[in-house]
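As provided, final.txt (compact mmCIF, C-alpha atoms and all ligand atoms) reads as follows.
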```txt
# COMPACT_ATOMS: atom_id res chain seq x y z
CA MET A 183 -12.18 13.63 0.53
CA ILE A 184 -11.09 13.26 4.15
CA ILE A 185 -7.34 13.63 4.64
CA SER A 186 -5.71 13.05 8.00
CA GLY A 187 -2.10 13.82 7.31
CA MET A 188 0.34 15.04 4.72
CA VAL A 189 4.09 14.81 4.13
CA LYS A 190 4.72 17.92 2.06
CA SER A 191 7.74 16.60 0.19
CA SER A 192 9.21 13.12 -0.03
CA LEU A 193 11.87 11.56 -2.24
CA VAL A 194 11.20 7.98 -1.16
CA ASP A 195 7.47 7.38 -1.60
CA TYR A 196 7.14 7.72 -5.38
CA PRO A 197 9.92 5.93 -7.29
CA GLY A 198 12.14 8.54 -8.94
CA LEU A 199 9.94 11.56 -8.16
CA ALA A 200 9.59 14.32 -5.57
CA ALA A 201 6.07 13.96 -4.25
CA CYS A 202 3.78 14.93 -1.42
CA VAL A 203 2.09 12.08 0.42
CA LEU A 204 -1.51 12.20 1.64
CA PHE A 205 -2.89 9.87 4.31
CA VAL A 206 -6.58 9.07 4.38
CA PRO A 207 -8.31 7.59 7.45
CA GLY A 208 -10.07 4.25 7.78
CA CYS A 209 -9.27 0.75 6.62
CA ASN A 210 -11.27 -2.40 6.07
CA TYR A 211 -8.35 -4.48 7.38
CA ASN A 212 -6.85 -4.49 10.85
CA CYS A 213 -3.31 -5.79 10.40
CA PHE A 214 -1.85 -6.22 13.88
CA TYR A 215 1.43 -4.57 12.79
CA CYS A 216 -0.19 -1.50 11.15
CA HIS A 217 2.06 1.57 11.41
CA ASN A 218 -0.88 3.97 11.08
CA ARG A 219 -3.08 2.74 13.90
CA SER A 220 -4.46 6.22 14.61
CA LEU A 221 -5.99 6.13 11.10
CA LEU A 222 -7.87 2.97 12.10
CA ASP A 223 -9.04 3.81 15.60
CA GLY A 224 -10.42 7.29 14.93
CA THR A 225 -7.81 9.20 17.00
CA HIS A 226 -6.39 10.79 13.84
CA GLU A 227 -6.66 14.47 13.02
CA VAL A 228 -8.57 15.71 9.96
CA LEU A 229 -6.99 18.43 7.84
CA PHE A 230 -9.12 21.47 7.15
CA PRO A 231 -11.25 20.89 4.00
CA GLY A 232 -9.61 22.61 1.02
CA TYR A 233 -6.18 22.93 2.72
CA VAL A 234 -4.62 20.05 0.80
CA GLU A 235 -6.21 21.09 -2.50
CA LYS A 236 -4.77 24.61 -2.11
CA PHE A 237 -1.35 23.24 -1.17
CA ILE A 238 -1.26 20.97 -4.22
CA GLU A 239 -2.34 23.80 -6.49
CA LYS A 240 0.42 26.08 -5.17
CA ARG A 241 3.12 23.42 -5.60
CA THR A 242 2.44 22.85 -9.29
CA GLY A 243 5.83 22.83 -11.04
CA LEU A 244 7.72 22.36 -7.75
CA LEU A 245 6.61 18.80 -6.99
CA ASP A 246 6.34 16.04 -9.60
CA GLY A 247 3.82 13.77 -7.99
CA VAL A 248 1.18 13.06 -5.37
CA VAL A 249 0.91 9.79 -3.44
CA ILE A 250 -2.45 8.84 -1.93
CA SER A 251 -1.90 6.45 0.96
CA GLY A 252 -3.63 5.48 4.15
CA GLY A 253 -5.51 3.82 5.69
CA GLU A 254 -7.16 2.47 2.58
CA PRO A 255 -7.83 5.16 -0.06
CA THR A 256 -10.26 3.08 -2.16
CA LEU A 257 -12.82 3.31 0.67
CA GLN A 258 -13.15 7.09 0.20
CA LYS A 259 -16.36 7.91 -1.71
CA ASP A 260 -14.93 10.87 -3.58
CA LEU A 261 -11.55 9.35 -4.42
CA ILE A 262 -12.15 9.44 -8.18
CA PRO A 263 -13.13 13.16 -8.44
CA PHE A 264 -10.20 13.97 -6.13
CA MET A 265 -7.79 12.08 -8.41
CA LYS A 266 -9.26 13.82 -11.45
CA MET A 267 -8.56 17.20 -9.82
CA ILE A 268 -4.92 16.24 -9.15
CA LYS A 269 -4.39 14.91 -12.68
CA LYS A 270 -5.82 18.13 -14.14
CA LEU A 271 -3.04 20.04 -12.38
CA GLY A 272 -0.49 17.91 -14.25
CA TYR A 273 0.83 15.75 -11.41
CA LYS A 274 1.88 12.12 -11.61
CA LEU A 275 -0.29 10.12 -9.23
CA LYS A 276 0.56 7.06 -7.18
CA LEU A 277 -1.96 5.06 -5.17
CA ASP A 278 -1.02 2.82 -2.22
CA THR A 279 -3.71 0.19 -1.65
CA ASN A 280 -4.31 -3.07 0.19
CA GLY A 281 -5.90 -4.30 -3.05
CA SER A 282 -9.26 -5.15 -1.50
CA SER A 283 -11.37 -3.11 -3.96
CA PRO A 284 -10.80 -4.35 -7.52
CA ALA A 285 -14.01 -2.58 -8.68
CA VAL A 286 -12.59 0.81 -7.63
CA ILE A 287 -9.23 0.03 -9.26
CA GLU A 288 -11.06 -0.91 -12.46
CA LYS A 289 -12.74 2.54 -12.51
CA ILE A 290 -9.42 4.31 -11.88
CA LEU A 291 -7.89 2.37 -14.78
CA GLU A 292 -10.85 3.15 -17.02
CA TYR A 293 -10.41 6.91 -16.41
CA GLU A 294 -6.58 6.64 -16.64
CA LEU A 295 -6.19 8.50 -13.35
CA CYS A 296 -3.20 6.76 -11.82
CA ASP A 297 0.39 6.49 -13.05
CA TYR A 298 1.68 4.01 -10.48
CA PHE A 299 0.12 1.61 -8.00
CA ALA A 300 1.64 -0.10 -4.96
CA VAL A 301 -0.43 -3.10 -3.85
CA ASP A 302 0.20 -5.06 -0.67
CA TYR A 303 0.11 -8.85 -0.75
CA LYS A 304 0.20 -9.56 2.95
CA ALA A 305 -0.02 -13.30 3.52
CA PRO A 306 -0.60 -16.61 1.76
CA ALA A 307 -4.27 -16.96 0.77
CA GLY A 308 -4.95 -19.45 3.56
CA ARG A 309 -3.67 -17.04 6.26
CA TYR A 310 -5.07 -13.74 5.00
CA GLU A 311 -7.86 -13.43 7.57
CA GLU A 312 -5.59 -14.43 10.45
CA ILE A 313 -3.05 -11.71 9.61
CA CYS A 314 -5.21 -8.87 8.22
CA GLN A 315 -8.50 -9.47 10.03
CA GLY A 316 -11.47 -7.35 8.93
CA ASN A 317 -13.17 -8.85 5.87
CA SER A 318 -9.85 -9.52 4.17
CA SER A 319 -9.37 -11.96 1.32
CA ALA A 320 -6.45 -12.79 -0.92
CA GLU A 321 -8.90 -13.37 -3.78
CA ALA A 322 -9.83 -9.67 -4.06
CA VAL A 323 -6.17 -8.65 -3.92
CA LEU A 324 -5.22 -11.14 -6.63
CA ASN A 325 -8.11 -9.83 -8.77
CA THR A 326 -6.70 -6.30 -8.37
CA ILE A 327 -3.24 -7.49 -9.39
CA HIS A 328 -4.59 -9.30 -12.47
CA LEU A 329 -6.45 -6.12 -13.50
CA LEU A 330 -3.24 -4.11 -13.23
CA LEU A 331 -1.31 -6.68 -15.25
CA LYS A 332 -3.92 -6.61 -18.00
CA SER A 333 -3.88 -2.80 -18.08
CA ASN A 334 -0.12 -2.48 -18.56
CA SER A 335 -0.01 0.25 -15.89
CA GLY A 336 3.04 0.76 -13.73
CA PHE A 337 2.79 -1.07 -10.43
CA GLU A 338 4.59 -2.98 -7.73
CA VAL A 339 3.48 -5.58 -5.23
CA ARG A 340 4.84 -5.33 -1.68
CA THR A 341 5.06 -7.73 1.22
CA THR A 342 6.15 -6.77 4.71
CA VAL A 343 8.13 -9.78 5.90
CA ILE A 344 6.61 -10.06 9.35
CA PRO A 345 8.20 -12.67 11.66
CA GLN A 346 4.98 -14.75 11.52
CA LEU A 347 5.54 -15.51 7.83
CA GLY A 348 7.76 -18.55 7.48
CA ARG A 349 9.95 -19.33 4.47
CA SER A 350 7.29 -21.67 3.09
CA ASP A 351 4.61 -18.94 3.44
CA LEU A 352 6.77 -16.57 1.40
CA PHE A 353 7.33 -19.20 -1.30
CA THR A 354 3.60 -19.94 -1.41
CA MET A 355 2.83 -16.23 -1.81
CA ALA A 356 5.37 -15.86 -4.62
CA GLN A 357 3.63 -18.72 -6.43
CA GLU A 358 0.08 -17.51 -5.76
CA LEU A 359 0.93 -14.22 -7.43
CA PRO A 360 1.20 -13.98 -11.20
CA VAL A 361 4.67 -12.82 -12.27
CA VAL A 362 4.62 -9.08 -11.49
CA PRO A 363 6.89 -6.30 -12.80
CA LYS A 364 8.29 -5.56 -9.34
CA TYR A 365 7.92 -7.53 -6.11
CA VAL A 366 9.31 -5.79 -3.02
CA LEU A 367 10.04 -7.57 0.26
CA ASN A 368 10.13 -5.00 3.05
CA ARG A 369 11.75 -5.66 6.39
CA TYR A 370 9.40 -5.64 9.39
CA ARG A 371 9.76 -2.93 12.05
CA ALA A 372 7.62 -3.05 15.18
CA PRO A 373 5.08 -0.20 15.21
CA ASP A 374 5.11 2.36 18.04
CA SER A 375 1.47 1.80 18.83
CA TYR A 376 -0.47 -1.45 18.71
CA ASN A 377 -3.24 -3.35 20.49
CA LYS A 378 -2.12 -4.77 23.85
CA CYS A 379 -3.42 -8.22 22.93
CA ASP A 380 -0.93 -8.29 20.03
CA SER A 381 2.19 -7.48 22.07
CA ILE A 382 3.66 -11.01 21.79
CA ARG A 383 3.25 -11.06 18.00
CA ILE A 384 4.60 -7.50 17.71
CA MET A 385 7.77 -8.24 19.69
CA GLN A 386 8.70 -11.42 17.82
CA LYS A 387 12.23 -11.24 16.40
CA PRO A 388 12.23 -9.89 12.84
CA TYR A 389 14.19 -11.34 9.91
CA THR A 390 17.60 -9.68 9.50
CA GLN A 391 18.33 -7.77 6.29
CA GLN A 392 20.81 -10.55 5.41
CA GLU A 393 18.06 -13.19 5.79
CA ILE A 394 15.74 -11.14 3.61
CA SER A 395 18.43 -10.79 0.92
CA THR A 396 18.83 -14.58 0.92
CA LEU A 397 15.05 -14.98 0.62
CA VAL A 398 14.96 -12.54 -2.30
CA GLN A 399 17.47 -14.70 -4.22
CA ALA A 400 15.46 -17.87 -3.56
CA ILE A 401 12.06 -16.33 -4.36
CA ARG A 402 13.32 -15.07 -7.74
CA GLU A 403 12.83 -18.63 -8.97
CA HIS A 404 9.06 -17.85 -8.96
CA GLN A 405 9.10 -14.03 -9.02
CA PRO A 406 12.10 -12.94 -11.12
CA ASN A 407 11.58 -9.24 -10.31
CA THR A 408 11.89 -9.56 -6.55
CA ILE A 409 13.91 -6.94 -4.65
CA SER A 410 14.21 -5.80 -1.04
S1 LIG B 1 -4.05 -2.56 5.18
FE1 LIG B 1 -2.48 -1.04 5.67
S2 LIG B 1 -3.59 0.64 6.65
FE2 LIG B 1 -4.96 -1.13 6.64
S3 LIG B 1 -4.64 -2.09 8.65
FE3 LIG B 1 -3.29 -3.09 7.18
S4 LIG B 1 -1.33 -2.01 7.35
FE4 LIG B 1 -2.92 -0.70 8.28
```

Here is the file; what I need is its structure written in the form of structure tokens.
Amino acid sequence: MIISGMVKSSLVDYPGLAACVLFVPGCNYNCFYCHNRSLLDGTHEVLFPGYVEKFIEKRTGLLDGVVISGGEPTLQKDLIPFMKMIKKLGYKLKLDTNGSSPAVIEKILEYELCDYFAVDYKAPAGRYEEICQGNSSAEAVLNTIHLLLKSNSGFEVRTTVIPQLGRSDLFTMAQELPVVPKYVLNRYRAPDSYNKCDSIRIMQKPYTQQEISTLVQAIREHQPNTIS
């Protein structure tokens, strides 16, 4: 398992738990507003093999959970054995994913390796490729979300409300999704590093928190469990 970064203790990344957060490199998307661009362009560091495993082992009983984030963790070949190792130590596990690999999620569910999933739904189906690039498709993400719903596992769906998504896009997305246990609208912040060709999109004025709160109320008509 290649790990490029670690936050040793966080109270905000795993709902209700103290957890360490691991960042894996590489992603099959290329969202122009990605906040982890170094994980996409290969300029990231790589932690010494075994360092993270030792750290996690030592923190047993001091931390409640481990969050695997990225990049896109489901692209890592040895994700499943790595998750098995963490579960054996008694941790709660959360996986952050762009939802593009339903087959990997199905395996994780089959082995009961993950306690909580956060899945991004980034754009209405018709605009997925424009916003996420790579070989992105809403269909795969929706398949992942349906698998999670069927499995009864804990999960949330998240959308970063980038300025390029209009009100009608957000309503369309809320209707494309099945009703999910928690739908989180996150406010957009411009990333520190981005591709020069995207500077106009990056600098577009974001929604205010007040505007997002108003959207949350309206979207609850289709997604009753929407929060921001
Ligand atoms: S899916 Fe996430 S990690 Fe991948 S490019 Fe988009 S924002 Fe970045």

Exercise for the section: Skip Ile184 of chain A itself and residues of its chain fewer than 3 positions away, then list as a ChimeraX atom specification all residues within 9 Å of it, counting all atoms listed in the file. Expected result: /A:205-207,228-231,258,260

Selection from above, C-alpha atoms, as a PDB file, in the frame of the given file, can you write it?
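Produced file part-v6.pdb, reproduced below:
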```pdb
ATOM      1  CA  PHE A 205      -2.890   9.870   4.310  1.00  0.00           C
ATOM      2  CA  VAL A 206      -6.580   9.070   4.380  1.00  0.00           C
ATOM      3  CA  PRO A 207      -8.310   7.590   7.450  1.00  0.00           C
ATOM      4  CA  VAL A 228      -8.570  15.710   9.960  1.00  0.00           C
ATOM      5  CA  LEU A 229      -6.990  18.430   7.840  1.00  0.00           C
ATOM      6  CA  PHE A 230      -9.120  21.470   7.150  1.00  0.00           C
ATOM      7  CA  PRO A 231     -11.250  20.890   4.000  1.00  0.00           C
ATOM      8  CA  GLN A 258     -13.150   7.090   0.200  1.00  0.00           C
ATOM      9  CA  ASP A 260     -14.930  10.870  -3.580  1.00  0.00           C
TER      10      ASP A 260
END
```

Exercise for the section: Using all atoms listed in the file, give me every residue within 12 Å of (6.5, 16.7, -12.5) in file coordinates, as a PyMOL selection string. Expected result: chain A and resi 196+198-202+241-248+268-269+271-275+297

Problem - Within 7 Å of ligand LIG 1 (chain B) (only C-alpha atoms and all ligand atoms), residues as a VMD selection string - result: chain A and resid 209 to 213 215 to 219 222 252 to 254 280 314

Exercise for the section: Give the answer as one residue: which of A:Ala400, A:Leu277, A:Leu359, A:Ile394 has the shortest atom-to-atom distance to Leu347 of chain A, using only C-alpha atoms? Expected result: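 Ranked by minimum distance to Leu347 of chain A, first place goes to A:Ile394.
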
Practice task
Go through A:Gln399, A:Ser282, A:Val362, A:Phe214 and flag the residue nearest Cys379 of chain A, using only C-alpha atoms for the distances.
Solution key: A:Phe214

Shell around Gly232 of chain A at 12 Å using only C-alpha atoms, local window under 3 positions removed, as a short mmCIF file (atom, residue, chain, number, x, y, z; two decimals) with C-alpha atoms, in the frame of the given file:
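Okay, part.cif is ready:
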```cif
data_model
loop_
_atom_site.label_atom_id
_atom_site.label_comp_id
_atom_site.auth_asym_id
_atom_site.auth_seq_id
_atom_site.Cartn_x
_atom_site.Cartn_y
_atom_site.Cartn_z
CA MET A 183 -12.18 13.63 0.53
CA ILE A 184 -11.09 13.26 4.15
CA ILE A 185 -7.34 13.63 4.64
CA VAL A 228 -8.57 15.71 9.96
CA LEU A 229 -6.99 18.43 7.84
CA GLU A 235 -6.21 21.09 -2.50
CA LYS A 236 -4.77 24.61 -2.11
CA PHE A 237 -1.35 23.24 -1.17
CA ILE A 238 -1.26 20.97 -4.22
CA GLU A 239 -2.34 23.80 -6.49
CA PHE A 264 -10.20 13.97 -6.13
#
```

Handout entry: Option closest in space to Asn377 of chain A, from A:Ser220, A:Leu352, A:Leu291, A:Glu321 [counting only C-alpha atoms]
Key = A:Ser220

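Going from atom CA of Ala307 of chain A over to atom CA of Thr408 of chain A, you cover 19.2 Å.
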
Practice task
For Gly336 of chain A, please output as a PyMOL selection string all residues within 8 Å (counting only C-alpha atoms; exclusion window: fewer than 3 positions along the same chain).
Solution key: chain A and resi 297-299+330

Exercise for the section: Identify which of the residues A:Ala285, A:Val339, A:Met355, A:Ile250 lies closest to Asn325 of chain A, counting all atoms listed in the file when measuring atom-to-atom distances. Expected result: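 The closest residue to Asn325 of chain A is A:Ala285.
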
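The coordinates place atom CA of Tyr376 of chain A at 29.7 Å from atom CA of Lys364 of chain A.
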
Practice task
Enter the distance from atom CA of Leu257 of chain A to atom CA of Thr279 of chain A, in Å, rounded to one decimal.
Solution key: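 So the two atoms, atom CA of Leu257 of chain A and atom CA of Thr279 of chain A, lie 9.9 Å apart.
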